Every structure is written in structure tokens, then in C-alpha cells.
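Each remark here refers to the structure printed beneath this line.
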Amino acid sequence: MELFNYKKSSDVLALSASFTDFTYKKHCHEEYAVGVTLRGIQQYHLDGHYQASHQNGVMLFNREQSHDGSSYDKAGIDYVMLYLKPDVVEDILSKKELRFSTPIVYDPQLARSILMLNHAVQSGQDEAKCSELLFSLVHLLSRSEIDTPIPGPGDGLVRKAKEMMFSRFDDVLKLDDLCTEFNMSKFQFIREFKSHAGISPYQFFLNCKVEHARQAIEKHKDVYSAVAECGFVDLTHLNRHFKRVFGVTAYEYMLQLN
């Protein structure tokens with residue numbers, strides 16, 4: 001059985017999910033993602049490191065942190081997830097960014113705050129109520145274990161490459177242009193990018209297209225405009241990649257938002 005229920009307020013995308021055999025393809029999100037495992041064991045690789053969230057585990061994902069996901073066994077999992085816009089988080093924290101150093105914590109107060117906001121969004125409560133719950137949650141998250149890592153030697157390359165890819169997500173990935181920019185061979189660039197980003201350049205670029213397609217669907221409520229705007233061949237092409245990241249097709253996602 002697969003159940004992926006998305007609802008959106010003005011500032012938060014909320015997911016309630018339940019599945020057994022489904023597996024998320026490796027991907028990342030532009031937003032912060034925080035969630036709670038309600039039943040079962042949720043396993044995933046985060047930046048290449050194995051993680052397992054048991055019942056009541058609070059999962060913390062930094063922006064653009066690559067991960068996959070599946071159930072540990074045939075018993076399946078139930079969980080909720082919230083996707084928090086970076087600009088909203090920074091507004092709440094007076095321009096401060098979050099940076100989680102621990103991927104899973106067992107914090108009843110934090111778990112309760114996430115569940116309350118998820119319920120408020122899923123049940124369509126007033127925006128004012130959702131905003132207050134979000135404000136409280138973000139301040140709880142800012143008190144969680146965070147750090148500010150020292151940039152590594154490849155971080156500048158990855159950041160610049162990502163900026164170039166973000167600027168042309170409606171086109172095909174021009175690997176030669178990236179290699180020329182960094183004075184690297186094709187395979188040097190792929191190796192350096194993947195070692196620091198945890199995901200290949202092509203996977204990251206495709207993920208950008210899917211993420212922007214989601215944003216286009218939220219804005220226009222039209223999957224076909226998202227296909228054209230984000231450079232997919234057709235709706236089938238978008239649906240296939242969308243489901244691997246979000247558990248539902250782009251068309252199903254649009255219906256849930258309407």
C-alpha cells in the first residue's frame with residue numbers, strides 16, 4: 001500500500017505518508033525538511049551515510065542534502081514530513097540559517113511541535129494558526145544541535161556549479177560548459193561534484209527540474225505548463241521522475257492541492 005497525502009499552507013508543505021515497498025530515489029530539496037516516524041523503521045542514506053529512524057524519531061534534513069528512503073522491512077512505515085522555505089525560516093530567525101549536525105533526534109517536544117503543525121496544515125486550519133505553530137517550531141529547531149561547518153575545498157565549486165544549473169533548469173544539462181568554467185575534464189568534474197555534493201551533476205540537475213516543476217504546479221495549478229516551463233519531454237516524463245522524489249505523480253500532486 002502507498003499513501004502520500006500532500007497539503008500546503010502559505011509557508012509550509014506538509015506530507016503524511018504510509019508505505020511498504022516504495023523506495024525514494026536519491027534526491028534533495030531546496031527547503032529544510034523535518035519529520036517524525038510514527039510507525040516502523042524508516043531507513044535512508046544521508047550524504048552517503050546510513051540512517052535509521054525508529055518510532056518517534058525526528059528526522060532533520062538540511063537544505064540540498066541528498067538522501068533516498070525506504071522501509072526497513074515489509075511491516076512498512078508511517079511518518080509525517082514538513083518542508084520549510086529557507087526565506088521564511090530566516091525571517092523567523094532574523095536572517096539566521098539553520099544547520100543540523102545530527103540527522104535524527106528523539107525529542108518529544110520537537111516531535112509534538114512537528115505533528116501539531118502537520119495536523120494544522122493537513123486539516124486546513126487558519127493561516128494565522130499555522131503561522132504561529134511554524135514560528136514556535138522554527139525556534140525549537142534553532143535550539144536543537146546545530147553547527148556551522150568549515151567550508152571544504154570543493155564547496156566553492158559545488159556552489160558555483162549549482163548556481164549555473166539553477167539558471168538553466170528548463171534546458172538540458174550542458175556538462176561541457178561546466179567543465180570549461182572549472183577547467184576540468186568531464187570525469188574530473190563529475191568526480192569532484194559527486195564527492196562534495198553526495199549526488200551526481202545529472203541527478204542534481206534533474207532534481208532541480210522536478211523541484212521547479214513542483215513549484216510551477218503550486219503556482220499555476222497546471223501540470224502541462226510545468227512540463228513546458230521545466231523542459232520535460234511530456235507529462236509521462238515528468239510524472240515518472242516526480243513520483244521517484246515525491247511518491248505521487250505530478251498530476252496526482254496537482255489534484256491534492258486543488
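Ordering of the C-alpha cells sets the chain letters (A, B, ...); residue numbers start at 1 within each chain; ligands are numbered from 1 in the order shown.
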Stretch 4-215 of chain A: which residues are alpha helix (DSSP H) by DSSP, as a PyMOL selection string? chain A and resi 86-92+108-122+127-143+155-166+175-182+186-197+201-215
Output the selection as a PDB file, in the first residue's frame - C-alpha atoms for each residue.
```pdb
ATOM      1  CA  PRO A  86      14.539  28.944   3.672  1.00  0.00           C
ATOM      2  CA  ASP A  87      13.436  32.574   3.363  1.00  0.00           C
ATOM      3  CA  VAL A  88      10.607  32.000   5.865  1.00  0.00           C
ATOM      4  CA  VAL A  89      12.981  30.313   8.328  1.00  0.00           C
ATOM      5  CA  GLU A  90      15.476  33.168   8.012  1.00  0.00           C
ATOM      6  CA  ASP A  91      12.689  35.696   8.533  1.00  0.00           C
ATOM      7  CA  ILE A  92      11.623  33.970  11.750  1.00  0.00           C
ATOM      8  CA  PRO A 108       9.273  14.539  22.432  1.00  0.00           C
ATOM      9  CA  GLN A 109       8.717  18.325  22.464  1.00  0.00           C
ATOM     10  CA  LEU A 110      10.131  18.759  18.963  1.00  0.00           C
ATOM     11  CA  ALA A 111       8.180  15.756  17.653  1.00  0.00           C
ATOM     12  CA  ARG A 112       4.950  17.144  19.162  1.00  0.00           C
ATOM     13  CA  SER A 113       5.555  20.544  17.547  1.00  0.00           C
ATOM     14  CA  ILE A 114       6.062  18.953  14.112  1.00  0.00           C
ATOM     15  CA  LEU A 115       2.927  16.816  14.494  1.00  0.00           C
ATOM     16  CA  MET A 116       0.824  19.796  15.579  1.00  0.00           C
ATOM     17  CA  LEU A 117       1.860  21.857  12.553  1.00  0.00           C
ATOM     18  CA  ASN A 118       1.375  18.904  10.202  1.00  0.00           C
ATOM     19  CA  HIS A 119      -2.138  18.360  11.559  1.00  0.00           C
ATOM     20  CA  ALA A 120      -2.970  22.058  11.244  1.00  0.00           C
ATOM     21  CA  VAL A 121      -1.911  22.166   7.582  1.00  0.00           C
ATOM     22  CA  GLN A 122      -3.473  18.817   6.688  1.00  0.00           C
ATOM     23  CA  GLU A 127      -3.250  30.519   8.183  1.00  0.00           C
ATOM     24  CA  ALA A 128      -2.760  32.538  11.379  1.00  0.00           C
ATOM     25  CA  LYS A 129      -2.761  29.331  13.425  1.00  0.00           C
ATOM     26  CA  CYS A 130      -0.341  27.623  11.042  1.00  0.00           C
ATOM     27  CA  SER A 131       1.971  30.648  11.159  1.00  0.00           C
ATOM     28  CA  GLU A 132       2.062  30.625  14.969  1.00  0.00           C
ATOM     29  CA  LEU A 133       2.827  26.900  15.045  1.00  0.00           C
ATOM     30  CA  LEU A 134       5.550  27.370  12.428  1.00  0.00           C
ATOM     31  CA  PHE A 135       7.086  30.217  14.441  1.00  0.00           C
ATOM     32  CA  SER A 136       7.267  28.002  17.529  1.00  0.00           C
ATOM     33  CA  LEU A 137       8.658  25.037  15.601  1.00  0.00           C
ATOM     34  CA  VAL A 138      11.450  27.007  13.947  1.00  0.00           C
ATOM     35  CA  HIS A 139      12.583  28.403  17.288  1.00  0.00           C
ATOM     36  CA  LEU A 140      12.622  24.874  18.715  1.00  0.00           C
ATOM     37  CA  LEU A 141      14.703  23.736  15.743  1.00  0.00           C
ATOM     38  CA  SER A 142      17.141  26.598  16.265  1.00  0.00           C
ATOM     39  CA  ARG A 143      17.745  25.308  19.801  1.00  0.00           C
ATOM     40  CA  ASP A 155      32.360  23.629  -1.582  1.00  0.00           C
ATOM     41  CA  GLY A 156      33.034  26.653  -3.793  1.00  0.00           C
ATOM     42  CA  LEU A 157      32.994  24.506  -6.921  1.00  0.00           C
ATOM     43  CA  VAL A 158      29.712  22.855  -5.927  1.00  0.00           C
ATOM     44  CA  ARG A 159      28.082  26.180  -5.035  1.00  0.00           C
ATOM     45  CA  LYS A 160      29.094  27.803  -8.339  1.00  0.00           C
ATOM     46  CA  ALA A 161      28.064  24.726 -10.341  1.00  0.00           C
ATOM     47  CA  LYS A 162      24.680  24.659  -8.629  1.00  0.00           C
ATOM     48  CA  GLU A 163      24.142  28.343  -9.422  1.00  0.00           C
ATOM     49  CA  MET A 164      24.867  27.648 -13.092  1.00  0.00           C
ATOM     50  CA  MET A 165      22.478  24.690 -13.134  1.00  0.00           C
ATOM     51  CA  PHE A 166      19.709  26.631 -11.378  1.00  0.00           C
ATOM     52  CA  LEU A 175      28.233  19.494 -18.975  1.00  0.00           C
ATOM     53  CA  ASP A 176      30.821  20.918 -21.368  1.00  0.00           C
ATOM     54  CA  ASP A 177      30.046  24.468 -20.211  1.00  0.00           C
ATOM     55  CA  LEU A 178      30.530  23.468 -16.588  1.00  0.00           C
ATOM     56  CA  CYS A 179      33.800  21.705 -17.346  1.00  0.00           C
ATOM     57  CA  THR A 180      35.076  24.754 -19.226  1.00  0.00           C
ATOM     58  CA  GLU A 181      34.103  27.042 -16.323  1.00  0.00           C
ATOM     59  CA  PHE A 182      36.167  24.984 -13.873  1.00  0.00           C
ATOM     60  CA  LYS A 186      34.247  15.792 -17.839  1.00  0.00           C
ATOM     61  CA  PHE A 187      35.147  12.975 -15.487  1.00  0.00           C
ATOM     62  CA  GLN A 188      37.151  15.192 -13.145  1.00  0.00           C
ATOM     63  CA  PHE A 189      34.135  17.454 -12.745  1.00  0.00           C
ATOM     64  CA  ILE A 190      31.692  14.569 -12.161  1.00  0.00           C
ATOM     65  CA  ARG A 191      34.036  13.067  -9.561  1.00  0.00           C
ATOM     66  CA  GLU A 192      34.580  16.370  -7.699  1.00  0.00           C
ATOM     67  CA  PHE A 193      30.909  17.348  -7.740  1.00  0.00           C
ATOM     68  CA  LYS A 194      29.695  13.956  -6.539  1.00  0.00           C
ATOM     69  CA  SER A 195      32.321  13.686  -3.795  1.00  0.00           C
ATOM     70  CA  HIS A 196      31.235  17.008  -2.266  1.00  0.00           C
ATOM     71  CA  ALA A 197      27.506  17.124  -3.106  1.00  0.00           C
ATOM     72  CA  PRO A 201      25.640  16.502 -11.533  1.00  0.00           C
ATOM     73  CA  TYR A 202      22.967  14.923 -13.730  1.00  0.00           C
ATOM     74  CA  GLN A 203      20.968  13.685 -10.721  1.00  0.00           C
ATOM     75  CA  PHE A 204      21.163  17.129  -9.143  1.00  0.00           C
ATOM     76  CA  PHE A 205      20.132  18.873 -12.366  1.00  0.00           C
ATOM     77  CA  LEU A 206      17.176  16.520 -12.861  1.00  0.00           C
ATOM     78  CA  ASN A 207      16.208  17.068  -9.248  1.00  0.00           C
ATOM     79  CA  CYS A 208      16.235  20.840  -9.884  1.00  0.00           C
ATOM     80  CA  LYS A 209      13.817  20.350 -12.773  1.00  0.00           C
ATOM     81  CA  VAL A 210      11.462  18.259 -10.615  1.00  0.00           C
ATOM     82  CA  GLU A 211      11.603  20.758  -7.732  1.00  0.00           C
ATOM     83  CA  HIS A 212      10.837  23.679 -10.050  1.00  0.00           C
ATOM     84  CA  ALA A 213       8.039  21.671 -11.658  1.00  0.00           C
ATOM     85  CA  ARG A 214       6.513  21.239  -8.192  1.00  0.00           C
ATOM     86  CA  GLN A 215       6.739  24.994  -7.591  1.00  0.00           C
TER      87      GLN A 215
END
```
Can you work out the spacing between atom CA of A:His220 and atom CA of A:Gln125 in Å, to one decimal? 22.6 Å
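Non-sequential neighbours of A:Glu64 (distance at most 7 Å, separation of 4 or more positions within a chain, only C-alpha atoms) are A:Cys28, A:His29, A:Glu30.
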Atoms kept (N, CA and C atoms) for selection, written as a compact mmCIF listing (two decimals), in the first residue's frame:
```
# COMPACT_ATOMS: atom_id res chain seq x y z
N CYS A 28 17.33 15.62 -3.41
CA CYS A 28 17.47 16.62 -2.36
C CYS A 28 16.40 17.68 -2.55
N HIS A 29 16.20 18.49 -1.52
CA HIS A 29 15.17 19.53 -1.55
C HIS A 29 15.80 20.89 -1.32
N GLU A 30 15.21 21.90 -1.93
CA GLU A 30 15.68 23.27 -1.69
C GLU A 30 15.28 23.74 -0.30
```
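You can rank A:His67, A:Lys25, A:Gly124, A:Gly57 by their closest distance to A:Phe242 using only C-alpha atoms, and at the top of that list sits A:Lys25.
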DSSP on the backbone: what in stretch 12-186 of chain A comes out strand (DSSP E or B), as JSON, numbers by chain? {"A": [12, 13, 14, 15, 16, 17, 18, 19, 23, 24, 25, 26, 27, 32, 33, 34, 35, 36, 37, 38, 39, 42, 43, 44, 45, 46, 49, 50, 51, 52, 53, 58, 59, 60, 61, 67, 68, 69, 70, 71, 77, 78, 79, 80, 81, 82, 83, 84, 100, 104, 105, 146]}
Spatial neighbours of A:Asp78, max dist 7 Å, only C-alpha atoms, sep filter under 6 positions, as number ranges by chain: A: 17-19, 37-40
Nearest residue to A:Ile199 out of A:Gln42, A:Met254, A:Gln65, A:Val80, using only C-alpha atoms? A:Gln65
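Atom CA of A:Val245 lies 15.5 Å from atom CA of A:Ser200.
Each of A:Tyr253, A:Leu98, A:Gly69, A:Tyr106 was compared to A:Asp222 using only C-alpha atoms, and A:Tyr253 turns out to be the nearest.
You can rank A:Leu46, A:Ile41, A:Ala52, A:Met81 by their closest distance to A:Ser66 using only C-alpha atoms, and at the top of that list sits A:Leu46.
Using only C-alpha atoms, the smallest distance between any of A:Ala75, A:Cys230, A:Met1, A:Val105 and A:Arg168 comes from A:Cys230.
Around stretch 31-35 of chain A, within 6 Å and counting only C-alpha atoms, the residues found are A:His29, A:Val58, A:Met59, A:Leu60, A:Phe61, A:Asn62, A:Arg63, A:Val80, A:Met81, A:Leu82, A:Tyr83, A:Leu84, A:Lys85, A:Pro86, once anything fewer than 2 positions away on its own chain is removed.
Taking atom CA of A:Pro103 and atom CA of A:Val248 as the two end points, the separation is 24.9 Å.
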